[in-house]
Structure formats: structure tokens, C-alpha cells
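Source file: start_34.txt (compact mmCIF, C-alpha atoms)
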```
# COMPACT_ATOMS: atom_id res chain seq x y z
CA MET A 23 96.18 83.10 98.27
CA THR A 24 99.18 81.18 99.58
CA ARG A 25 100.40 80.89 95.98
CA TRP A 26 101.53 84.50 96.00
CA PHE A 27 101.57 85.42 99.69
CA TRP A 28 104.63 83.52 100.88
CA PRO A 29 106.77 84.32 97.82
CA LEU A 30 105.98 87.96 98.61
CA VAL A 31 107.10 87.58 102.24
CA TRP A 32 110.17 85.60 101.25
CA ARG A 33 111.20 88.19 98.65
CA ASP A 34 111.06 90.96 101.26
CA VAL A 35 113.10 88.94 103.76
CA VAL A 36 115.74 88.24 101.10
CA GLN A 37 115.75 91.91 100.09
CA ALA A 38 116.25 92.93 103.74
CA TRP A 39 119.10 90.46 104.10
CA ARG A 40 120.83 91.57 100.92
CA GLY A 41 120.32 95.27 101.61
CA GLY A 42 121.84 95.10 105.10
CA GLY A 43 118.40 95.63 106.63
CA ILE A 44 118.98 92.80 109.08
CA GLY A 45 122.55 93.51 110.14
CA MET A 46 121.99 97.19 110.78
CA PRO A 47 119.47 96.98 113.67
CA VAL A 48 121.62 94.31 115.31
CA ALA A 49 124.78 96.40 115.07
CA PHE A 50 122.85 99.47 116.22
CA LEU A 51 121.55 97.76 119.36
CA LEU A 52 124.99 96.41 120.27
CA LEU A 53 126.58 99.79 119.68
CA VAL A 54 124.09 101.63 121.87
CA ALA A 55 124.45 99.03 124.63
CA SER A 56 128.22 99.41 124.60
CA LEU A 57 128.09 103.23 124.49
CA PHE A 58 125.58 103.55 127.34
CA PRO A 59 128.00 102.58 130.16
CA PHE A 60 130.45 105.20 128.90
CA ALA A 61 127.74 107.85 129.20
CA VAL A 62 126.33 107.01 132.67
CA GLY A 63 129.41 105.46 134.25
CA PRO A 64 130.23 101.84 135.13
CA ASP A 65 128.05 101.67 138.25
CA ALA A 66 126.47 98.19 138.03
CA ASN A 67 123.39 99.14 140.09
CA LEU A 68 122.65 102.18 137.97
CA LEU A 69 123.19 100.25 134.74
CA GLY A 70 121.00 97.41 135.94
CA ALA A 71 118.22 99.80 136.90
CA THR A 72 118.23 101.87 133.70
CA GLY A 73 119.66 99.48 131.10
CA GLY A 74 116.41 97.64 130.35
CA GLY A 75 114.52 100.80 129.49
CA MET A 76 117.43 101.99 127.40
CA LEU A 77 117.36 98.72 125.44
CA TRP A 78 113.67 99.30 124.71
CA ILE A 79 114.46 102.74 123.28
CA ALA A 80 117.27 101.23 121.22
CA ALA A 81 114.95 98.49 119.96
CA LEU A 82 112.38 101.08 118.94
CA LEU A 83 114.94 103.14 117.04
CA ALA A 84 116.42 100.00 115.48
CA ALA A 85 112.98 99.12 114.14
CA LEU A 86 112.82 102.46 112.39
CA LEU A 87 116.26 102.19 110.76
CA PRO A 88 115.14 100.27 107.64
CA VAL A 89 111.85 102.16 107.22
CA ASP A 90 112.87 104.01 104.06
CA ARG A 91 113.66 100.66 102.41
CA LEU A 92 110.36 98.98 103.22
CA VAL A 93 107.95 100.48 100.70
CA THR A 94 109.48 103.31 98.68
CA PRO A 95 111.80 101.21 96.46
CA ASP A 96 108.95 98.84 95.55
CA ARG A 97 106.69 101.75 94.80
CA ASP A 98 109.27 103.49 92.61
CA ALA A 99 110.18 100.31 90.72
CA GLY A 100 106.54 99.59 89.91
CA VAL A 101 106.42 96.39 91.96
CA LEU A 102 103.34 97.58 93.86
CA ASP A 103 101.63 98.39 90.53
CA GLN A 104 102.39 94.94 89.14
CA LEU A 105 101.00 93.33 92.30
CA ALA A 106 97.86 95.47 92.10
CA VAL A 107 97.35 94.53 88.43
CA ARG A 108 97.31 90.90 89.55
CA GLY A 109 94.44 91.70 91.87
CA ILE A 110 96.44 91.30 95.07
CA PRO A 111 94.81 93.48 97.77
CA ASP A 112 96.97 96.29 99.16
CA GLU A 113 96.10 95.08 102.65
CA MET A 114 97.73 91.72 101.93
CA ILE A 115 100.82 93.45 100.52
CA ALA A 116 101.06 95.44 103.77
CA LEU A 117 100.58 92.27 105.83
CA ALA A 118 103.31 90.47 103.86
CA LYS A 119 105.63 93.42 104.44
CA LEU A 120 104.77 93.42 108.15
CA ILE A 121 105.61 89.74 108.52
CA ALA A 122 108.80 90.08 106.47
CA HIS A 123 109.90 93.16 108.43
CA TRP A 124 109.31 91.36 111.71
CA ILE A 125 111.26 88.29 110.58
CA GLY A 126 114.03 90.62 109.48
CA PHE A 127 114.47 92.40 112.78
CA GLY A 128 112.41 90.82 115.59
CA PRO A 129 114.26 87.54 116.21
CA PRO A 130 117.72 89.03 115.44
CA LEU A 131 116.97 91.82 117.92
CA MET A 132 115.87 89.36 120.60
CA ILE A 133 119.07 87.40 120.17
CA THR A 134 121.21 90.55 120.20
CA ALA A 135 119.44 91.69 123.35
CA LEU A 136 121.24 88.90 125.23
CA PRO A 137 124.85 90.18 124.81
CA ALA A 138 123.53 93.74 125.07
CA ALA A 139 121.92 92.92 128.41
CA ALA A 140 125.16 91.35 129.58
CA LEU A 141 126.99 94.56 128.73
CA LEU A 142 124.53 96.42 130.95
CA LYS A 143 124.71 93.96 133.86
CA LEU A 144 120.99 93.20 133.80
CA SER A 145 119.87 90.48 136.20
CA ALA A 146 118.69 87.13 134.83
CA ASP A 147 115.09 87.91 135.83
CA THR A 148 115.19 91.24 134.03
CA ILE A 149 116.65 89.62 130.91
CA LEU A 150 113.84 87.06 130.88
CA ARG A 151 111.21 89.78 131.24
CA LEU A 152 112.96 91.86 128.57
CA GLU A 153 112.88 88.93 126.13
CA ILE A 154 109.20 88.23 126.82
CA GLY A 155 108.45 91.92 126.36
CA LEU A 156 110.40 92.03 123.10
CA ALA A 157 108.67 88.90 121.83
CA VAL A 158 105.32 90.57 122.45
CA GLY A 159 106.35 94.07 121.41
CA THR A 160 108.49 93.60 118.30
CA PRO A 161 105.53 92.68 116.04
CA ALA A 162 104.02 96.02 117.01
CA LEU A 163 107.32 97.79 116.28
CA ALA A 164 107.39 96.09 112.87
CA ALA A 165 103.78 97.12 112.28
CA LEU A 166 104.62 100.71 113.16
CA GLY A 167 107.53 100.64 110.72
CA VAL A 168 105.40 99.33 107.85
CA LEU A 169 102.62 101.79 108.68
CA VAL A 170 104.78 104.92 108.57
CA ALA A 171 106.72 103.57 105.57
CA SER A 172 103.46 103.21 103.65
CA LEU A 173 102.25 106.63 104.72
CA THR A 174 105.46 108.39 103.72
CA ALA A 175 106.25 106.39 100.54
CA GLY A 176 106.96 108.71 97.64
CA LEU A 177 107.62 111.75 99.80
CA ARG A 178 110.99 113.42 99.91
CA SER A 179 113.05 112.95 103.08
CA SER A 180 110.57 110.27 104.03
CA GLY A 181 113.00 108.74 106.54
CA ALA A 182 113.00 111.72 108.88
CA LEU A 183 109.26 112.16 108.52
CA ALA A 184 108.73 108.48 109.27
CA GLY A 185 110.61 108.88 112.55
CA LEU A 186 108.54 111.88 113.54
CA LEU A 187 105.33 109.99 112.77
CA ALA A 188 106.29 106.74 114.46
CA LEU A 189 107.79 107.92 117.73
CA PRO A 190 104.59 109.39 119.25
CA LEU A 191 102.69 106.25 118.26
CA ALA A 192 105.35 104.16 119.97
CA ILE A 193 104.97 105.85 123.38
CA PRO A 194 102.48 103.28 124.76
CA LEU A 195 104.77 100.45 123.64
CA LEU A 196 107.67 102.10 125.41
CA ILE A 197 105.71 102.74 128.62
CA PHE A 198 104.42 99.22 128.99
CA GLY A 199 107.49 97.57 127.48
CA ALA A 200 109.85 99.26 129.94
CA GLY A 201 107.19 98.97 132.65
CA SER A 202 107.13 95.20 132.29
CA LEU A 203 110.80 94.98 133.31
CA SER A 204 110.24 95.41 137.04
CA GLU A 205 109.14 92.58 139.31
CA GLY A 206 105.45 91.75 139.60
CA SER A 207 104.51 93.64 136.46
CA GLY A 208 102.03 91.21 134.95
CA ALA A 209 99.60 94.01 134.16
CA ALA A 210 102.18 95.91 132.11
CA ILE A 211 102.89 92.93 129.87
CA LYS A 212 99.15 92.45 129.32
CA PHE A 213 98.77 96.09 128.34
CA LEU A 214 101.80 95.72 126.06
CA ALA A 215 100.18 92.69 124.44
CA ALA A 216 96.90 94.56 123.98
CA ILE A 217 98.60 97.51 122.30
CA ALA A 218 100.74 95.22 120.16
CA LEU A 219 97.64 93.35 119.04
CA LEU A 220 95.88 96.59 118.17
CA LEU A 221 98.81 97.97 116.15
CA THR A 222 99.45 94.69 114.36
CA ALA A 223 95.79 94.24 113.46
CA LEU A 224 95.24 97.83 112.31
CA THR A 225 98.42 98.18 110.29
CA PRO A 226 97.49 96.05 107.25
CA ILE A 227 94.23 97.99 106.86
CA ALA A 228 95.72 101.45 107.40
CA ALA A 229 98.90 100.78 105.42
CA GLY A 230 96.89 99.18 102.62
CA ALA A 231 94.72 102.28 102.38
CA ALA A 232 97.87 104.42 102.32
CA LEU A 233 99.37 102.34 99.49
CA ARG A 234 96.15 102.65 97.50
CA ALA A 235 95.92 106.40 98.06
CA GLY A 236 99.56 106.83 97.05
CA ARG A 237 99.00 105.22 93.64
CA GLU A 238 98.96 107.62 90.75
CA MET B 10 85.61 95.33 62.98
CA ALA B 11 84.91 94.81 66.63
CA THR B 12 85.62 98.08 68.28
CA ASP B 13 84.17 101.51 68.04
CA MET B 14 86.70 103.64 66.31
CA THR B 15 85.11 107.00 66.90
CA PRO B 16 87.78 109.28 68.25
CA PRO B 17 86.78 110.89 71.52
CA ARG B 18 85.44 114.41 71.20
CA PRO B 19 84.35 116.84 73.86
CA SER B 20 80.58 117.33 74.05
CA ASP B 21 80.08 114.24 71.92
CA ASN B 22 78.39 111.44 73.79
CA ALA B 23 77.26 109.79 70.57
CA SER B 24 80.41 107.69 70.45
CA ALA B 25 79.50 106.05 73.75
CA ASP B 26 76.00 105.25 72.48
CA ALA B 27 77.43 103.91 69.24
CA GLY B 28 79.77 101.68 71.23
CA ALA B 29 76.92 100.37 73.35
CA ALA B 30 74.83 99.70 70.26
CA ALA B 31 77.69 97.87 68.56
CA GLY B 32 78.17 95.78 71.69
CA ALA B 33 74.47 94.93 71.83
CA LEU B 34 74.48 93.94 68.15
CA ARG B 35 77.34 91.49 68.65
CA GLY B 36 75.60 90.23 71.73
CA ALA B 37 76.48 86.58 72.00
CA SER B 38 79.89 86.36 73.74
CA THR B 39 81.07 88.51 76.62
CA PRO B 40 84.00 90.69 75.57
CA LEU B 41 87.27 90.34 77.48
CA VAL B 42 87.16 94.04 78.18
CA GLU B 43 84.67 96.74 77.34
CA ALA B 44 84.40 100.45 78.02
CA HIS B 45 81.63 102.96 77.52
CA ALA B 46 82.12 106.72 77.62
CA LEU B 47 85.26 106.10 79.67
CA GLY B 48 86.90 109.14 81.20
CA CYS B 49 90.18 109.47 83.05
CA GLU B 50 91.19 112.15 85.51
CA ARG B 51 94.74 113.16 86.43
CA ALA B 52 95.33 115.71 89.19
CA GLY B 53 91.73 116.86 89.03
CA ARG B 54 91.84 117.40 85.24
CA LEU B 55 89.89 115.23 82.83
CA VAL B 56 92.59 114.14 80.36
CA VAL B 57 90.57 111.64 78.34
CA ARG B 58 86.84 111.21 77.95
CA GLY B 59 84.25 109.47 75.85
CA VAL B 60 86.42 106.46 75.06
CA ALA B 61 84.42 103.39 74.01
CA PHE B 62 85.61 99.99 72.89
CA ALA B 63 85.07 96.27 73.33
CA LEU B 64 87.60 93.56 72.71
CA HIS B 65 86.77 89.93 71.99
CA PRO B 66 89.29 87.08 71.80
CA GLY B 67 91.80 87.61 69.02
CA GLU B 68 91.19 91.35 68.78
CA SER B 69 93.63 94.18 69.39
CA LEU B 70 93.36 97.90 69.94
CA LEU B 71 95.98 100.59 69.54
CA PHE B 72 95.90 103.96 71.26
CA SER B 73 97.91 106.32 69.11
CA GLY B 74 98.64 109.98 69.44
CA PRO B 75 101.29 112.49 70.47
CA ASN B 76 102.99 112.61 73.89
CA GLY B 77 100.91 113.62 76.87
CA VAL B 78 97.57 112.95 75.23
CA GLY B 79 96.56 110.40 77.86
CA LYS B 80 97.57 107.07 76.29
CA SER B 81 99.43 105.87 79.38
CA SER B 82 96.67 107.13 81.67
CA LEU B 83 94.15 105.05 79.72
CA ILE B 84 96.35 101.98 79.98
CA ARG B 85 96.75 102.49 83.74
CA LEU B 86 93.00 103.04 84.02
CA ILE B 87 92.23 99.75 82.26
CA ALA B 88 94.84 98.04 84.45
CA GLY B 89 92.86 99.20 87.49
CA LEU B 90 95.62 101.46 88.79
CA LEU B 91 93.59 104.65 88.37
CA PRO B 92 90.00 105.26 89.43
CA VAL B 93 87.41 105.52 86.67
CA ALA B 94 86.39 109.19 86.56
CA SER B 95 83.36 108.75 84.29
CA GLY B 96 81.70 106.08 82.18
CA THR B 97 81.97 102.35 82.73
CA LEU B 98 84.81 99.86 82.40
CA ASN B 99 84.42 96.10 82.60
CA VAL B 100 87.57 93.99 82.63
CA ASN B 101 86.44 90.38 82.66
CA VAL B 102 89.77 88.54 82.50
CA PRO B 103 93.18 88.65 84.22
CA VAL B 104 95.43 91.37 82.89
CA ALA B 105 99.18 91.65 82.29
CA LEU B 106 100.76 95.09 82.17
CA SER B 107 104.00 96.37 80.73
CA ASP B 108 104.61 100.04 81.43
CA GLU B 109 107.73 102.14 81.93
CA ASN B 110 108.55 100.59 85.31
CA LEU B 111 110.91 97.62 85.42
CA ALA B 112 109.58 96.09 88.67
CA LEU B 113 112.37 93.49 88.74
CA ASP B 114 114.91 93.03 91.53
CA THR B 115 118.00 94.45 89.88
CA GLY B 116 120.44 92.46 92.02
CA LEU B 117 119.09 89.09 90.89
CA PRO B 118 119.86 87.19 87.68
CA LEU B 119 117.20 87.82 85.06
CA ARG B 120 115.82 84.28 85.33
CA ASP B 121 115.29 84.57 89.11
CA ALA B 122 113.91 88.12 88.95
CA LEU B 123 111.32 87.01 86.39
CA GLY B 124 110.85 83.73 88.28
CA PHE B 125 109.42 85.69 91.23
CA TRP B 126 106.62 86.95 89.00
CA THR B 127 105.92 83.56 87.42
CA ARG B 128 105.55 82.17 90.97
CA ILE B 129 103.14 84.99 91.84
CA ASP B 130 101.21 84.31 88.62
CA GLY B 131 101.24 80.58 89.25
CA ALA B 132 102.76 80.09 85.80
CA SER B 133 105.13 77.25 84.99
CA ASP B 134 108.88 77.53 84.44
CA LEU B 135 108.33 76.14 80.98
CA ARG B 136 106.19 79.09 80.08
CA LEU B 137 108.92 81.44 81.34
CA ARG B 138 111.53 79.61 79.24
CA ALA B 139 109.33 79.86 76.17
CA ALA B 140 108.80 83.57 76.78
CA LEU B 141 112.52 84.17 77.28
CA GLU B 142 113.20 82.40 74.01
CA ALA B 143 110.44 84.23 72.17
CA LEU B 144 112.18 87.54 72.89
CA ASP B 145 115.72 86.14 72.59
CA LEU B 146 116.66 86.72 76.24
CA MET B 147 117.67 83.13 77.00
CA PRO B 148 121.39 83.90 76.52
CA LEU B 149 121.06 86.65 79.16
CA ALA B 150 119.05 84.61 81.69
CA ASP B 151 121.94 84.39 84.16
CA ILE B 152 123.02 88.03 83.91
CA PRO B 153 122.00 90.30 86.82
CA VAL B 154 119.15 92.61 85.81
CA ARG B 155 121.17 95.73 86.64
CA MET B 156 123.64 94.87 83.84
CA LEU B 157 120.96 94.85 81.14
CA SER B 158 120.64 97.65 78.58
CA THR B 159 117.50 99.73 78.07
CA GLY B 160 116.22 97.55 75.24
CA GLN B 161 117.02 94.35 77.10
CA ARG B 162 115.14 95.63 80.15
CA LYS B 163 112.13 96.46 77.98
CA ARG B 164 112.24 92.94 76.58
CA ALA B 165 112.46 91.54 80.11
CA MET B 166 109.29 93.45 81.03
CA LEU B 167 107.59 92.02 77.92
CA VAL B 168 108.73 88.52 78.89
CA ARG B 169 106.84 88.95 82.17
CA VAL B 170 103.70 89.73 80.15
CA LEU B 171 104.25 86.76 77.81
CA ALA B 172 104.86 84.37 80.70
CA SER B 173 101.93 85.57 82.83
CA GLY B 174 99.32 83.65 80.87
CA ALA B 175 96.87 86.56 81.25
CA PRO B 176 94.45 86.75 78.30
CA LEU B 177 94.53 90.55 78.11
CA TRP B 178 97.83 92.33 77.51
CA LEU B 179 98.20 96.01 78.26
CA LEU B 180 101.33 97.32 76.61
CA ASP B 181 102.38 100.92 77.17
CA GLU B 182 104.93 101.91 74.51
CA PRO B 183 106.13 98.31 74.07
CA GLY B 184 108.40 99.29 71.21
CA ASN B 185 110.44 101.87 73.14
CA GLY B 186 114.16 101.12 73.06
CA LEU B 187 113.78 97.96 70.95
CA ASP B 188 115.92 97.39 67.86
CA GLY B 189 114.47 96.16 64.57
CA ALA B 190 114.99 92.46 65.26
CA SER B 191 113.42 92.72 68.74
CA LEU B 192 110.46 94.64 67.32
CA ASP B 193 109.87 91.81 64.85
CA ARG B 194 110.05 89.27 67.68
CA LEU B 195 107.54 91.36 69.67
CA GLY B 196 105.27 91.44 66.62
CA GLY B 197 105.51 87.65 66.34
CA ALA B 198 104.70 87.19 70.04
CA MET B 199 101.69 89.52 69.78
CA THR B 200 100.37 87.74 66.67
CA GLN B 201 100.70 84.40 68.42
CA HIS B 202 98.90 85.69 71.52
CA LEU B 203 95.99 86.90 69.38
CA ALA B 204 95.90 83.61 67.49
CA GLN B 205 95.56 81.82 70.84
CA GLY B 206 92.45 83.84 71.67
CA GLY B 207 94.07 86.62 73.69
CA ALA B 208 93.52 90.33 73.31
CA ILE B 209 95.95 93.25 73.28
CA ILE B 210 95.58 96.91 74.08
CA ALA B 211 98.70 98.86 73.24
CA ALA B 212 99.65 102.52 73.39
CA SER B 213 102.36 103.78 71.10
CA HIS B 214 103.39 106.99 69.42
CA PHE B 215 104.99 105.09 66.54
CA PRO B 216 103.78 102.16 64.39
CA LEU B 217 104.09 98.68 65.90
CA PRO B 218 104.69 95.52 63.83
CA LEU B 219 101.12 94.27 64.21
CA ALA B 220 97.97 94.83 62.16
CA PHE B 221 95.74 96.09 64.97
CA THR B 222 92.05 95.29 64.69
CA SER B 223 91.31 98.91 65.42
CA THR B 224 93.06 102.13 66.25
CA LEU B 225 91.89 104.88 68.53
CA SER B 226 93.59 108.18 67.76
CA LEU B 227 93.74 110.44 70.76
CA ASP B 228 94.27 113.87 69.29
CA GLY B 229 94.44 115.93 72.44
CA ALA B 230 91.25 117.79 71.63
CA ASN B 231 89.89 116.82 75.04
CA ALA B 232 92.81 118.01 77.05
```
Could you render the structure from this file as C-alpha cells?
Amino acid sequence: MTRWFWPLVWRDVVQAWRGGGIGMPVAFLLLVASLFPFAVGPDANLLGATGGGMLWIAALLAALLPVDRLVTPDRDAGVLDQLAVRGIPDEMIALAKLIAHWIGFGPPLMITALPAAALLKLSADTILRLEIGLAVGTPALAALGVLVASLTAGLRSSGALAGLLALPLAIPLLIFGAGSLSEGSGAAIKFLAAIALLLTALTPIAAGAALRAGRE
Amino acid sequence: MATDMTPPRPSDNASADAGAAAGALRGASTPLVEAHALGCERAGRLVVRGVAFALHPGESLLFSGPNGVGKSSLIRLIAGLLPVASGTLNVNVPVALSDENLALDTGLPLRDALGFWTRIDGASDLRLRAALEALDLMPLADIPVRMLSTGQRKRAMLVRVLASGAPLWLLDEPGNGLDGASLDRLGGAMTQHLAQGGAIIAASHFPLPLAFTSTLSLDGANA
């Protein structure tokens, strides 16, 4: 299995890098973090209180930016067909895409969150909790991206539809992700981890079924 | 003659029985691929039915017929990309498919784009080199895939089949876009594959430079 699995992951990471799929979420997060103080005013207390939650929303939207590049190009080019002919299960294709998508945006986002948090005057404690929350939550965001990309592959205006599908599913992530930012919020991070685990575990199965059903 | 050549007819299940009988007669070795009364459905419509064949090492089968008669659907069915609507299909060996989709990363040089697939197949670089040379693509190995012409792309897709090492080749319109010299090279590669104990199923609406063991004419009567 490893013979073909890691080349598959590596190819997707390289594709994301070449296609600007990695730079875009990073630039997006920085841009939102620098626009936010203009919108709510430069009050450090207000920014500190609301900035963390805003970064979670930005992270969620950043995860959805490359969704139309995750599955549709491979489907249209026949790559998914060629993989299926070789007997590679659709679930493993989805898992490879999940891992590659996370590598492409999870760690870069966590690094970018540091200057973004500085722009918003977050306290050191909040930044630490934000990073822990992102470390736990970004795999789930990646899973959500792969899931909706698989479901909408081959449809017209799939990008907009993907957003509409993903955002309701992301509500629990947002609640517990932003909830984990305040002091003494150990329960929220555990709930976040539980939901992340559920999404990450279900996605290969659900996305694999979607890829199979979309074959014609 | 190894395969059942009865063209598929509606309300004619005899061809399936004949195919089964022929298979039973030959008995001894398991065929690489065999089908009985195979039917294929597209968008709820049965486009092909009653197809029967069996291929042993060194044998080849050509689906011929006009456009839209279900040649490509049959190829995709045998490749496992479409569900079997009726009948039985047994594919007993790994398969390599060349259809109308390029499935190569167009930004990469040809060698690297094909190299991805040889890694997936677990094939050696030597095999890829040999395949590139067989179809005269070695001079273009360092050119990005997006710069290749239609015929060169088609040859690149055939190189992937050659390099895969799969015993059964499924070629959907392999001659499309190829010039005379490339067609001859394709014929040579196919002959060599058969001589090495492989099998080929091809679909084409014009003659290919290979003496196929058998030909199945799809005449559209089932559509």
C-alpha cells in the first residue's frame, strides 16, 4: 500500500504548492487579521476579546479557498479513473487528499496565526490556546474541505456550493474552537478534539463513496 | 480462435451460452479476462448486451463499430469503472487503460509526469525508458506535457500502458491522432506485448495495425 500511497500524497502537496493553494490561505488569514482592526477600531481590549474568534472564522474560510482545486481537476483529467483501474480504493484516495490538504494549509496556517495574533493584540495565553485549538481543529477543517470537494466534483459552480455545504458542518468546530480560547476551557478543547476525530475518520469513507458515485 | 465472435443481438441469449460452452471446452487454463452475456447501462439505458468473450495469453480482441455504439462503455466496464448491468465479468489480472483522458500533470516534464504513474505501478525506470523509446517519445521526455501535440499526448498515454507491466491492455481508440509512423510503432508494441503473453482489448472505429485474434462488431442493433 505504501508503494502508491505516499506518492499520491506527495503529488497533491506539490500540486497545491505549484497552484498557489498554499500561499492563498496564508495571505487570506493575514489580510483578514490586518483588516479587522480597521473595522472594529484600534481598541486593544476589544481586539483581544474578539480577535481569537475572528481568526477561527478566517481559518475556516481559508480552508475552503482551495476546495475547487482538490478533486475536480483530477476527476476531469482522468487521474481518478487511472487510480481506480489500478485497484486503489476510493477511500484511500480521499485519505491521501485529506493528508495532503492538511499539510498544505494546516501548518502554514498555524505559523501565520502568530503574526495575525500579534496584529490583534492577543495575549500570550490566548495565542497558545489558539495554536493548540488550530492543531486539533485544522485536520477537521481539511477533512471538511475534501468531503465537500468530493461531493461537488463535476458540478458547475462547485466552489460556491462547497461553501454552502461546508459552513453548517463547521459550526461545531467553530463553537468549540472559539470556545477553547477563554481561560479554563479544557472541556471545549476536548469537544473540539472529539468532533475533529469524528470528521477526520468519517471523511475518507464518505468522500470515497462520493468519488465512486460520481464516476461515469 | 479463442473468443466467441457472435455479434450481440437483442433477444439472443444463445451467444452467451456459446461463449460459456467454448470456455468449458478450452478448460485447462484460466483466461486473463472472460465475459458472459455482459451488458452495460448508461443513464438507465442498456447500451450493450449479450457480449461474450474470453482472452488467453497472446490473444487480442477488437471492438469495432460506428460512433456511439458502446465501444468505450464496454472498455470502461471491463476496466471496472462502470457497474456491470447484466451478465458476468471476470478480470483475473491487473489492467492498464488508455482512454481519451490524459491524466498527466500538464505542468511537469513528460518524464516526471509519467514517472508518477510508474511509481504508483511499482514499475522500474528502465521499463519507462523502454516504453518511451518504443513510441519515439524519448526526445520529448524533458518537454512539459502541456506543450505536447494531440498525437504526442496520445502516445504519452500509450507509454503509460506500455510501462505499467499490466498483462491486460484496454485501449480505447488508441490510433486517434497518431500519424502513420506512430501507428506502426503502436502496432509493433502491441505485437510484442502479445508475444510476451499479454492480452489486448481495443476499441476502434478504424483498422489498427494488428491482426486481432477476433473482432466483435457492435452494430448498434441493441441501442
Between chain B and chain A, at 12 Å or less, what are the per-residue closest atom pairs and their distances in Å? Count all atoms listed in the file, order by chain and rising residue number, and return it as a tab-separated table.
```
residue	atom	partner	partner_atom	distance
B:Cys49	CA	A:Glu238	CA	11.8
B:Glu50	CA	A:Glu238	CA	10.4
B:Arg51	CA	A:Glu238	CA	8.2
B:Ala52	CA	A:Glu238	CA	9.0
B:Gly53	CA	A:Glu238	CA	11.9
B:Ser81	CA	A:Glu238	CA	11.5
B:Ser82	CA	A:Glu238	CA	9.4
B:Ile84	CA	A:Val107	CA	11.3
B:Arg85	CA	A:Glu238	CA	9.0
B:Leu86	CA	A:Glu238	CA	10.1
B:Ile87	CA	A:Val107	CA	9.6
B:Ala88	CA	A:Val107	CA	5.9
B:Gly89	CA	A:Val107	CA	6.5
B:Leu90	CA	A:Asp103	CA	7.0
B:Leu91	CA	A:Glu238	CA	6.6
B:Pro92	CA	A:Glu238	CA	9.4
B:Val100	CA	A:Val107	CA	11.4
B:Val102	CA	A:Arg108	CA	10.6
B:Pro103	CA	A:Arg108	CA	7.1
B:Val104	CA	A:Val107	CA	6.7
B:Ala105	CA	A:Val107	CA	7.0
B:Leu106	CA	A:Val107	CA	7.2
B:Ser107	CA	A:Gln104	CA	8.7
B:Asp108	CA	A:Gly100	CA	8.7
B:Glu109	CA	A:Gly100	CA	8.5
B:Asn110	CA	A:Gly100	CA	5.1
B:Leu111	CA	A:Ala99	CA	6.0
B:Ala112	CA	A:Val101	CA	4.6
B:Leu113	CA	A:Val101	CA	7.4
B:Asp114	CA	A:Gln37	CA	8.7
B:Thr115	CA	A:Ala99	CA	9.8
B:Gly116	CA	A:Arg40	CA	9.0
B:Leu117	CA	A:Gln37	CA	10.2
B:Asp121	CA	A:Arg33	CA	11.0
B:Ala122	CA	A:Arg33	CA	10.1
B:Leu123	CA	A:Val101	CA	12.0
B:Gly124	CA	A:Pro29	CA	10.4
B:Phe125	CA	A:Pro29	CA	7.2
B:Trp126	CA	A:Trp26	CA	9.0
B:Thr127	CA	A:Trp26	CA	9.7
B:Arg128	CA	A:Trp26	CA	6.8
B:Ile129	CA	A:Trp26	CA	4.5
B:Asp130	CA	A:Trp26	CA	7.4
B:Gly131	CA	A:Arg25	CA	6.8
B:Ala132	CA	A:Arg25	CA	10.5
B:Met166	CA	A:Gln104	CA	10.8
B:Arg169	CA	A:Gln104	CA	10.2
B:Val170	CA	A:Gln104	CA	10.5
B:Ser173	CA	A:Arg108	CA	9.7
B:Gly174	CA	A:Arg108	CA	11.5
B:Ala175	CA	A:Arg108	CA	9.4
B:Leu177	CA	A:Val107	CA	11.4
B:Trp178	CA	A:Val107	CA	11.1
B:Leu179	CA	A:Val107	CA	10.3
```
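CA of Ala210 (chain A) lies 29.4 Å from CA of Leu173 (chain A).
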CA of Trp32 (chain A) to CA of Leu92 (chain A) measures 13.5 Å
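The gap separating CA of Ala232 (chain A) from CA of Trp78 (chain A) is 27.9 Å, in Å to one decimal.
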Need to verify the contact set: Val31 (chain A), 8 Å, all atoms listed in the file, exclusion of same-chain residues closer than 6 positions in sequence. Can you return it as number ranges by chain?
A: 118-119, 121-122
Filtering to C-alpha atoms, could you give me those residues as a short mmCIF file (atom, residue, chain, number, x, y, z; two decimals), in the frame of the given file?
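The resulting result39.cif:
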```cif
data_model
loop_
_atom_site.label_atom_id
_atom_site.label_comp_id
_atom_site.auth_asym_id
_atom_site.auth_seq_id
_atom_site.Cartn_x
_atom_site.Cartn_y
_atom_site.Cartn_z
CA ALA A 118 103.31 90.47 103.86
CA LYS A 119 105.63 93.42 104.44
CA ILE A 121 105.61 89.74 108.52
CA ALA A 122 108.80 90.08 106.47
#
```
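Among the candidate residues B:Leu219, B:Ala150, B:Ala46, B:Val93, the one lying nearest to Val168 (chain B) is B:Ala150, with distances computed using only C-alpha atoms.
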Using only C-alpha atoms and a cutoff of 12 Å, can you tell me which residues are near (111.1, 90.0, 67.8) in the file's coordinates, and write them out as a PyMOL selection string? chain B and resi 140-146+160-161+164+167-168+183-184+187-201+217-219
Can you pull out every residue within 7 Å of Ala184 (chain A), counting all atoms listed in the file, but drop anything in the same chain fewer than 5 positions away, and send it as an NGL selection string?
:A and (170-171 or 174)
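The protein and nucleic acid residues lying at most 6 Å from His45 (chain B) are Ala25, Leu47, Ala61, Gly96 and Thr97 of chain B, with all atoms listed in the file considered and sequence neighbours fewer than 2 positions away removed.
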Atoms to include: C-alpha atoms. Write the selected residues as an mmCIF file, in the frame of the given file.
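Final output, again_33.cif:
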```cif
data_model
loop_
_atom_site.group_PDB
_atom_site.id
_atom_site.type_symbol
_atom_site.label_atom_id
_atom_site.label_comp_id
_atom_site.auth_asym_id
_atom_site.auth_seq_id
_atom_site.Cartn_x
_atom_site.Cartn_y
_atom_site.Cartn_z
ATOM 1 C CA ALA B 25 79.500 106.050 73.750
ATOM 2 C CA LEU B 47 85.260 106.100 79.670
ATOM 3 C CA ALA B 61 84.420 103.390 74.010
ATOM 4 C CA GLY B 96 81.700 106.080 82.180
ATOM 5 C CA THR B 97 81.970 102.350 82.730
#
```
Might you pull out every residue within 9 Å of region 85-88 of chain A, with only C-alpha atoms counted and same-chain residues fewer than 5 positions away left off, and present them as a ChimeraX atom specification?
/A:38,42-44,46-47,50,80,123-124,127-128,160,163-164,166-167,181,184-185,188
Among A:Asp90, A:Glu153, A:Asp147, A:Asp112, Gly70 (chain A) is approached most closely, using only C-alpha atoms, by A:Asp147
With all atoms of region 77-89 of chain B from the file as input, state the centre and edge lengths in Å to one decimal of the axis-aligned box that has 5 Å extra on each side, as AutoDock Vina command-line options.
```
--center_x 96.6 --center_y 105.8 --center_z 81.4 --size_x 18.7 --size_y 25.6 --size_z 22.3
```
Nearby residues (all atoms listed in the file) at most 8 Å from Val48 (chain A), same-chain spacing under 6 positions excluded, as an MDAnalysis selection string: chainID A and resid 84 127 130:131 134
